[in-house]
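J.: First the structure, then my questions, so here it is.
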Amino acid sequence: MEKRITMRQDMIDQYGRINGDNDIVHYDAAYAKARGFRGTLAHGLHVTAYAAEVAARTYGASWFTGGRIATKWIAPVCPGDDVRVSLGADGAIDARVQGGPVMVGRAELLKR
Amino acid sequence: MTRPSEVKPREGSAPGTPYATYVVGTELPELRFTVTPAIVEEYMAAVQADPSVYRIDGRKVAPPNVLCVFMTALIYRKYPPIQGIVMYEIDMESHNPIWADEETDVVATGRVTGKSEKRGRYFIHWEAEYRRGDGTLLARLRNTFNVPE
């Protein structure tokens, strides 16, 4: 299963409003580029939410009472990026933009 | 209703915390907040969520990761953030649902678990636990973020 989104600055802004942060790396393109990024950064936890939704769709109700998601953000997601987040049958998360990896991890049910 | 911005110190609102100031083992002061249906709805819109995924036996349930927008409030209240913090990784377990049609009072606790340096980048490791007001465990998470030096 997978989820596809084209990231836009207004989506980053919307996440920032509910997240309540004021970190300009998400909102100031000049600052972000000065730090060596391609542009402003989508929040990592915004991208994780896409993977969590794929996991919830995969595991159903059990996800809400015993789901575990671990993600590592390895490259930025910037405005204009086409994001594809997939969950393999083995629980591996693979998130890419334009074919390059941006987030890896696992989503699985807790063993009890 | 608690908006994350009501409980989370924002970058620039106070002198930020440099890497050297974080102390491993520090217990983070307890944080209480309320997740409301309005917060769940706003969060779901912000992460482009598909509502059809978030139902259990017909009842609306929140994405467990709605707690993530409150996450850093716990550590930032102890250590106000400097500009340029970048999230590195998260490991989150969900143990009980947060219903989307009712208010959920949440009590968050946590501690700083480690500090590390890798190729000139500085990382803070910490963990948190989220329980309902009655003690029911909702979620546990471990998070690492990069503090610019």
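Labeling convention for the structure tokens: chains A, B, ... as they appear, residues from 1 per chain, ligands from 1 in order of appearance.
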Given a cut-off of 8 Å, which residues of chain A touch chain B, counting only C-alpha atoms, written out as a PDB file with N, CA and C atoms, in the first residue's frame?

T.:
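Here's the written file result_6.pdb:
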ATOM      1  N   MET A  11       0.752  23.559   2.445  1.00  0.00           N
ATOM      2  CA  MET A  11       0.581  22.367   3.296  1.00  0.00           C
ATOM      3  C   MET A  11       1.547  22.434   4.492  1.00  0.00           C
ATOM      4  N   GLN A  14       0.157  24.915   6.848  1.00  0.00           N
ATOM      5  CA  GLN A  14      -1.015  24.386   7.564  1.00  0.00           C
ATOM      6  C   GLN A  14      -0.583  23.456   8.694  1.00  0.00           C
ATOM      7  N   TYR A  15       0.404  22.602   8.398  1.00  0.00           N
ATOM      8  CA  TYR A  15       0.915  21.724   9.452  1.00  0.00           C
ATOM      9  C   TYR A  15       1.555  22.564  10.556  1.00  0.00           C
ATOM     10  N   ILE A  18      -1.037  23.968  13.138  1.00  0.00           N
ATOM     11  CA  ILE A  18      -1.509  23.039  14.176  1.00  0.00           C
ATOM     12  C   ILE A  18      -0.339  22.584  15.045  1.00  0.00           C
ATOM     13  N   ASN A  19       0.844  22.530  14.465  1.00  0.00           N
ATOM     14  CA  ASN A  19       2.027  22.117  15.237  1.00  0.00           C
ATOM     15  C   ASN A  19       2.479  23.203  16.208  1.00  0.00           C
ATOM     16  N   GLY A  20       2.165  24.449  15.873  1.00  0.00           N
ATOM     17  CA  GLY A  20       2.468  25.538  16.800  1.00  0.00           C
ATOM     18  C   GLY A  20       3.938  25.912  16.874  1.00  0.00           C
ATOM     19  N   ASP A  21       4.688  25.609  15.826  1.00  0.00           N
ATOM     20  CA  ASP A  21       6.114  25.958  15.861  1.00  0.00           C
ATOM     21  C   ASP A  21       6.359  27.270  15.121  1.00  0.00           C
ATOM     22  N   ASN A  22       7.571  27.771  15.280  1.00  0.00           N
ATOM     23  CA  ASN A  22       7.973  28.991  14.590  1.00  0.00           C
ATOM     24  C   ASN A  22       9.385  28.822  14.052  1.00  0.00           C
ATOM     25  N   ASP A  23       9.724  27.598  13.654  1.00  0.00           N
ATOM     26  CA  ASP A  23      11.067  27.317  13.163  1.00  0.00           C
ATOM     27  C   ASP A  23      11.138  27.743  11.702  1.00  0.00           C
ATOM     28  N   ILE A  24      11.933  28.762  11.430  1.00  0.00           N
ATOM     29  CA  ILE A  24      11.922  29.364  10.104  1.00  0.00           C
ATOM     30  C   ILE A  24      12.487  28.461   9.013  1.00  0.00           C
ATOM     31  N   VAL A  25      13.088  27.351   9.388  1.00  0.00           N
ATOM     32  CA  VAL A  25      13.560  26.430   8.354  1.00  0.00           C
ATOM     33  C   VAL A  25      12.368  25.864   7.566  1.00  0.00           C
ATOM     34  N   HIS A  43       7.756  19.382   7.669  1.00  0.00           N
ATOM     35  CA  HIS A  43       8.035  18.793   8.973  1.00  0.00           C
ATOM     36  C   HIS A  43       8.183  17.273   8.823  1.00  0.00           C
ATOM     37  N   GLY A  44       9.187  16.722   9.469  1.00  0.00           N
ATOM     38  CA  GLY A  44       9.369  15.279   9.388  1.00  0.00           C
ATOM     39  C   GLY A  44       8.143  14.513   9.857  1.00  0.00           C
ATOM     40  N   LEU A  45       7.531  14.999  10.914  1.00  0.00           N
ATOM     41  CA  LEU A  45       6.365  14.289  11.456  1.00  0.00           C
ATOM     42  C   LEU A  45       5.151  14.415  10.543  1.00  0.00           C
ATOM     43  N   HIS A  46       5.158  15.391   9.673  1.00  0.00           N
ATOM     44  CA  HIS A  46       4.117  15.496   8.648  1.00  0.00           C
ATOM     45  C   HIS A  46       4.248  14.314   7.680  1.00  0.00           C
ATOM     46  N   ALA A  49       3.282  11.060   9.226  1.00  0.00           N
ATOM     47  CA  ALA A  49       1.824  10.874   9.275  1.00  0.00           C
ATOM     48  C   ALA A  49       1.314  10.134   8.038  1.00  0.00           C
ATOM     49  N   TYR A  50       1.963  10.359   6.903  1.00  0.00           N
ATOM     50  CA  TYR A  50       1.554   9.635   5.696  1.00  0.00           C
ATOM     51  C   TYR A  50       1.815   8.139   5.866  1.00  0.00           C
ATOM     52  N   ALA A  52       2.061   6.558   8.701  1.00  0.00           N
ATOM     53  CA  ALA A  52       1.168   6.038   9.739  1.00  0.00           C
ATOM     54  C   ALA A  52      -0.218   5.746   9.159  1.00  0.00           C
ATOM     55  N   GLU A  53      -0.639   6.572   8.223  1.00  0.00           N
ATOM     56  CA  GLU A  53      -1.962   6.306   7.622  1.00  0.00           C
ATOM     57  C   GLU A  53      -1.942   5.027   6.775  1.00  0.00           C
ATOM     58  N   ALA A  56      -2.182   2.308   9.250  1.00  0.00           N
ATOM     59  CA  ALA A  56      -3.534   2.171   9.798  1.00  0.00           C
ATOM     60  C   ALA A  56      -4.449   1.477   8.796  1.00  0.00           C
ATOM     61  N   ARG A  57      -4.272   1.816   7.532  1.00  0.00           N
ATOM     62  CA  ARG A  57      -5.084   1.166   6.482  1.00  0.00           C
ATOM     63  C   ARG A  57      -4.726  -0.318   6.386  1.00  0.00           C
ATOM     64  N   GLY A  60      -5.603  -2.046  10.220  1.00  0.00           N
ATOM     65  CA  GLY A  60      -6.971  -1.913  10.718  1.00  0.00           C
ATOM     66  C   GLY A  60      -7.029  -1.492  12.176  1.00  0.00           C
ATOM     67  N   ALA A  61      -8.081  -1.926  12.877  1.00  0.00           N
ATOM     68  CA  ALA A  61      -8.327  -1.463  14.250  1.00  0.00           C
ATOM     69  C   ALA A  61      -7.168  -1.782  15.187  1.00  0.00           C
ATOM     70  N   TRP A  63      -4.191  -1.320  14.786  1.00  0.00           N
ATOM     71  CA  TRP A  63      -3.186  -0.260  14.745  1.00  0.00           C
ATOM     72  C   TRP A  63      -3.340   0.714  15.907  1.00  0.00           C
ATOM     73  N   PHE A  64      -4.588   0.931  16.323  1.00  0.00           N
ATOM     74  CA  PHE A  64      -4.872   1.954  17.330  1.00  0.00           C
ATOM     75  C   PHE A  64      -4.662   1.436  18.759  1.00  0.00           C
ATOM     76  N   THR A  65      -4.526   0.142  18.909  1.00  0.00           N
ATOM     77  CA  THR A  65      -4.343  -0.428  20.245  1.00  0.00           C
ATOM     78  C   THR A  65      -3.010  -1.171  20.385  1.00  0.00           C
ATOM     79  N   GLY A  66      -2.220  -1.164  19.329  1.00  0.00           N
ATOM     80  CA  GLY A  66      -0.951  -1.875  19.419  1.00  0.00           C
ATOM     81  C   GLY A  66      -0.088  -1.682  18.190  1.00  0.00           C
ATOM     82  N   GLY A  67      -0.078  -0.460  17.671  1.00  0.00           N
ATOM     83  CA  GLY A  67       0.762  -0.177  16.504  1.00  0.00           C
ATOM     84  C   GLY A  67       2.061   0.478  16.908  1.00  0.00           C
ATOM     85  N   ARG A  68       3.101   0.204  16.150  1.00  0.00           N
ATOM     86  CA  ARG A  68       4.397   0.842  16.394  1.00  0.00           C
ATOM     87  C   ARG A  68       4.955   1.348  15.067  1.00  0.00           C
ATOM     88  N   ILE A  69       5.328   2.609  15.054  1.00  0.00           N
ATOM     89  CA  ILE A  69       5.934   3.177  13.854  1.00  0.00           C
ATOM     90  C   ILE A  69       7.248   3.837  14.233  1.00  0.00           C
ATOM     91  N   ALA A  70       8.270   3.513  13.469  1.00  0.00           N
ATOM     92  CA  ALA A  70       9.589   4.123  13.672  1.00  0.00           C
ATOM     93  C   ALA A  70      10.042   4.679  12.327  1.00  0.00           C
ATOM     94  N   THR A  71      10.369   5.961  12.314  1.00  0.00           N
ATOM     95  CA  THR A  71      10.831   6.565  11.062  1.00  0.00           C
ATOM     96  C   THR A  71      12.088   7.389  11.311  1.00  0.00           C
ATOM     97  N   LYS A  72      12.931   7.387  10.310  1.00  0.00           N
ATOM     98  CA  LYS A  72      14.135   8.232  10.312  1.00  0.00           C
ATOM     99  C   LYS A  72      14.086   9.077   9.043  1.00  0.00           C
ATOM    100  N   TRP A  73      14.256  10.392   9.247  1.00  0.00           N
ATOM    101  CA  TRP A  73      14.194  11.305   8.114  1.00  0.00           C
ATOM    102  C   TRP A  73      15.607  11.504   7.594  1.00  0.00           C
ATOM    103  N   ILE A  74      15.844  11.072   6.374  1.00  0.00           N
ATOM    104  CA  ILE A  74      17.214  11.051   5.866  1.00  0.00           C
ATOM    105  C   ILE A  74      17.472  12.092   4.793  1.00  0.00           C
ATOM    106  N   LEU A 110       2.576  -4.384  17.707  1.00  0.00           N
ATOM    107  CA  LEU A 110       3.360  -4.801  18.863  1.00  0.00           C
ATOM    108  C   LEU A 110       3.115  -6.274  19.155  1.00  0.00           C
TER     109      LEU A 110
END

J.: Assign secondary structure with DSSP using the backbone only, and return the residues of chain B in strand (DSSP E) as a PyMOL selection string.

T.: chain B and resi 27-35+55-56+59-60+86-94+104-118+121-132+137-147

J.: Let's have the selection written as a PDB file, in the first residue's frame, with C-alpha atoms.

T.:
ATOM      1  CA  GLU B  27      12.962  14.414  34.068  1.00  0.00           C
ATOM      2  CA  LEU B  28      10.715  16.686  32.028  1.00  0.00           C
ATOM      3  CA  PRO B  29       7.973  18.494  33.957  1.00  0.00           C
ATOM      4  CA  GLU B  30       4.560  16.885  33.552  1.00  0.00           C
ATOM      5  CA  LEU B  31       2.445  18.437  30.814  1.00  0.00           C
ATOM      6  CA  ARG B  32      -1.360  18.313  30.671  1.00  0.00           C
ATOM      7  CA  PHE B  33      -3.383  19.104  27.580  1.00  0.00           C
ATOM      8  CA  THR B  34      -6.705  18.233  26.011  1.00  0.00           C
ATOM      9  CA  VAL B  35      -7.182  16.717  22.575  1.00  0.00           C
ATOM     10  CA  ARG B  55     -12.987   4.391  12.325  1.00  0.00           C
ATOM     11  CA  ILE B  56     -13.262   1.501  14.758  1.00  0.00           C
ATOM     12  CA  ARG B  59     -16.813   5.185  15.699  1.00  0.00           C
ATOM     13  CA  LYS B  60     -14.473   7.999  14.644  1.00  0.00           C
ATOM     14  CA  VAL B  86      15.753  19.408  12.701  1.00  0.00           C
ATOM     15  CA  MET B  87      13.925  16.227  13.641  1.00  0.00           C
ATOM     16  CA  TYR B  88      15.984  13.088  13.012  1.00  0.00           C
ATOM     17  CA  GLU B  89      13.904  10.072  14.048  1.00  0.00           C
ATOM     18  CA  ILE B  90      10.894   8.920  16.054  1.00  0.00           C
ATOM     19  CA  ASP B  91       9.731   5.574  17.412  1.00  0.00           C
ATOM     20  CA  MET B  92       6.123   5.634  18.619  1.00  0.00           C
ATOM     21  CA  GLU B  93       3.862   2.968  20.107  1.00  0.00           C
ATOM     22  CA  SER B  94       0.077   3.381  20.301  1.00  0.00           C
ATOM     23  CA  THR B 104      -9.335  13.473  25.857  1.00  0.00           C
ATOM     24  CA  ASP B 105      -7.352  14.838  28.773  1.00  0.00           C
ATOM     25  CA  VAL B 106      -3.736  13.795  28.376  1.00  0.00           C
ATOM     26  CA  VAL B 107      -0.888  13.729  30.886  1.00  0.00           C
ATOM     27  CA  ALA B 108       2.577  13.640  29.327  1.00  0.00           C
ATOM     28  CA  THR B 109       5.810  12.789  31.124  1.00  0.00           C
ATOM     29  CA  GLY B 110       9.314  12.113  29.875  1.00  0.00           C
ATOM     30  CA  ARG B 111      13.054  12.401  30.241  1.00  0.00           C
ATOM     31  CA  VAL B 112      16.227  13.187  28.337  1.00  0.00           C
ATOM     32  CA  THR B 113      17.862   9.843  27.606  1.00  0.00           C
ATOM     33  CA  GLY B 114      21.018  10.750  25.731  1.00  0.00           C
ATOM     34  CA  LYS B 115      23.197  13.133  23.758  1.00  0.00           C
ATOM     35  CA  SER B 116      25.421  12.246  20.847  1.00  0.00           C
ATOM     36  CA  GLU B 117      27.643  13.725  18.156  1.00  0.00           C
ATOM     37  CA  LYS B 118      28.029  12.272  14.689  1.00  0.00           C
ATOM     38  CA  ARG B 121      26.160  17.128  14.137  1.00  0.00           C
ATOM     39  CA  TYR B 122      24.736  17.171  17.645  1.00  0.00           C
ATOM     40  CA  PHE B 123      21.733  15.107  18.706  1.00  0.00           C
ATOM     41  CA  ILE B 124      19.371  15.034  21.684  1.00  0.00           C
ATOM     42  CA  HIS B 125      17.600  11.766  22.535  1.00  0.00           C
ATOM     43  CA  TRP B 126      14.524  11.763  24.760  1.00  0.00           C
ATOM     44  CA  GLU B 127      11.392   9.756  25.487  1.00  0.00           C
ATOM     45  CA  ALA B 128       7.830  10.474  26.509  1.00  0.00           C
ATOM     46  CA  GLU B 129       4.745   8.697  27.748  1.00  0.00           C
ATOM     47  CA  TYR B 130       1.169   9.854  27.239  1.00  0.00           C
ATOM     48  CA  ARG B 131      -1.688   8.732  29.496  1.00  0.00           C
ATOM     49  CA  ARG B 132      -5.308   9.662  29.894  1.00  0.00           C
ATOM     50  CA  LEU B 137      -1.640   4.427  28.598  1.00  0.00           C
ATOM     51  CA  LEU B 138      -2.179   6.047  25.206  1.00  0.00           C
ATOM     52  CA  ALA B 139       1.281   6.108  23.681  1.00  0.00           C
ATOM     53  CA  ARG B 140       5.012   5.992  24.219  1.00  0.00           C
ATOM     54  CA  LEU B 141       7.592   7.563  21.978  1.00  0.00           C
ATOM     55  CA  ARG B 142      11.294   8.088  21.610  1.00  0.00           C
ATOM     56  CA  ASN B 143      12.564  11.006  19.590  1.00  0.00           C
ATOM     57  CA  THR B 144      15.919  12.297  18.399  1.00  0.00           C
ATOM     58  CA  PHE B 145      16.522  15.765  17.044  1.00  0.00           C
ATOM     59  CA  ASN B 146      19.528  17.664  15.744  1.00  0.00           C
ATOM     60  CA  VAL B 147      20.496  20.884  17.480  1.00  0.00           C
TER      61      VAL B 147
END

J.: Taking the DSSP secondary structure from the backbone, can you list the residues of chain B that are helix (DSSP H, G or I), as JSON, numbers by chain?

T.: {"B": [4, 5, 6, 7, 19, 20, 21, 37, 38, 39, 40, 41, 42, 43, 44, 45, 46, 51, 52, 53, 64, 65, 66, 67, 68, 69, 70, 71, 72, 73, 74, 75, 76]}

J.: Using the selection just defined, write its residues with C-alpha atoms as a PDB file, in the first residue's frame.

T.:
ATOM      1  CA  PRO B   4      -0.175  23.039  20.761  1.00  0.00           C
ATOM      2  CA  SER B   5       0.904  26.675  20.508  1.00  0.00           C
ATOM      3  CA  GLU B   6      -0.676  27.293  23.934  1.00  0.00           C
ATOM      4  CA  VAL B   7       1.659  24.843  25.653  1.00  0.00           C
ATOM      5  CA  TYR B  19      23.422  21.484  22.950  1.00  0.00           C
ATOM      6  CA  ALA B  20      25.700  21.779  25.964  1.00  0.00           C
ATOM      7  CA  THR B  21      22.816  22.759  28.256  1.00  0.00           C
ATOM      8  CA  PRO B  37     -12.597  16.880  18.237  1.00  0.00           C
ATOM      9  CA  ALA B  38     -11.635  20.244  16.714  1.00  0.00           C
ATOM     10  CA  ILE B  39      -7.929  19.544  17.151  1.00  0.00           C
ATOM     11  CA  VAL B  40      -8.348  16.089  15.610  1.00  0.00           C
ATOM     12  CA  GLU B  41     -10.214  17.557  12.652  1.00  0.00           C
ATOM     13  CA  GLU B  42      -7.602  20.266  12.105  1.00  0.00           C
ATOM     14  CA  TYR B  43      -4.773  17.750  12.419  1.00  0.00           C
ATOM     15  CA  MET B  44      -6.363  15.386   9.926  1.00  0.00           C
ATOM     16  CA  ALA B  45      -6.737  18.225   7.437  1.00  0.00           C
ATOM     17  CA  ALA B  46      -3.112  19.226   7.950  1.00  0.00           C
ATOM     18  CA  PRO B  51     -11.248   9.929   7.104  1.00  0.00           C
ATOM     19  CA  SER B  52     -12.339   6.482   5.972  1.00  0.00           C
ATOM     20  CA  VAL B  53      -9.235   5.010   7.631  1.00  0.00           C
ATOM     21  CA  PRO B  64      -2.599   8.196  17.045  1.00  0.00           C
ATOM     22  CA  ASN B  65       0.056  10.569  15.760  1.00  0.00           C
ATOM     23  CA  VAL B  66      -2.164  13.556  16.568  1.00  0.00           C
ATOM     24  CA  LEU B  67      -0.061  13.506  19.748  1.00  0.00           C
ATOM     25  CA  CYS B  68       2.961  14.435  17.633  1.00  0.00           C
ATOM     26  CA  VAL B  69       1.870  18.065  17.361  1.00  0.00           C
ATOM     27  CA  PHE B  70       2.091  18.252  21.156  1.00  0.00           C
ATOM     28  CA  MET B  71       5.273  16.185  21.297  1.00  0.00           C
ATOM     29  CA  THR B  72       8.003  18.769  21.619  1.00  0.00           C
ATOM     30  CA  ALA B  73       5.999  20.892  24.075  1.00  0.00           C
ATOM     31  CA  LEU B  74       7.176  18.507  26.782  1.00  0.00           C
ATOM     32  CA  ILE B  75      10.888  19.033  26.187  1.00  0.00           C
ATOM     33  CA  TYR B  76      10.717  22.617  24.913  1.00  0.00           C
TER      34      TYR B  76
END

J.: For atom CA of B:Pro80 and atom CA of B:Tyr22, quote the distance in Å rounded to one decimal.

T.: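 For atom CA of B:Pro80 relative to atom CA of B:Tyr22, the distance reads 10.5 Å.
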
J.: Residues within 12 Å of A:Ile93, please, as number ranges by chain. Count only C-alpha atoms; anything in the same chain fewer than 3 positions from it doesn't count.

T.: A: 1-3, 47-55, 68-73, 84-90, 96, 101-108

J.: Could you give me, as a list in words, the residues within 9 Å of A:Asp13, counting only C-alpha atoms and dropping anything in the same chain fewer than 4 positions from it?

T.: Arg8, Gln9, Arg17, Ile18, His26, Tyr27 and Ala42 of chain A; Ala46 of chain B

J.: One decimal, in Å: what's the spacing between atom CA of B:Ala14 and atom CA of A:Pro76?

T.: 27.0 Å

J.: What is the distance, in Å and to one decimal place, between atom CA of A:Thr6 and atom CA of A:Pro79?

T.: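 Calculated distance between atom CA of A:Thr6 and atom CA of A:Pro79 is 7.9 Å.
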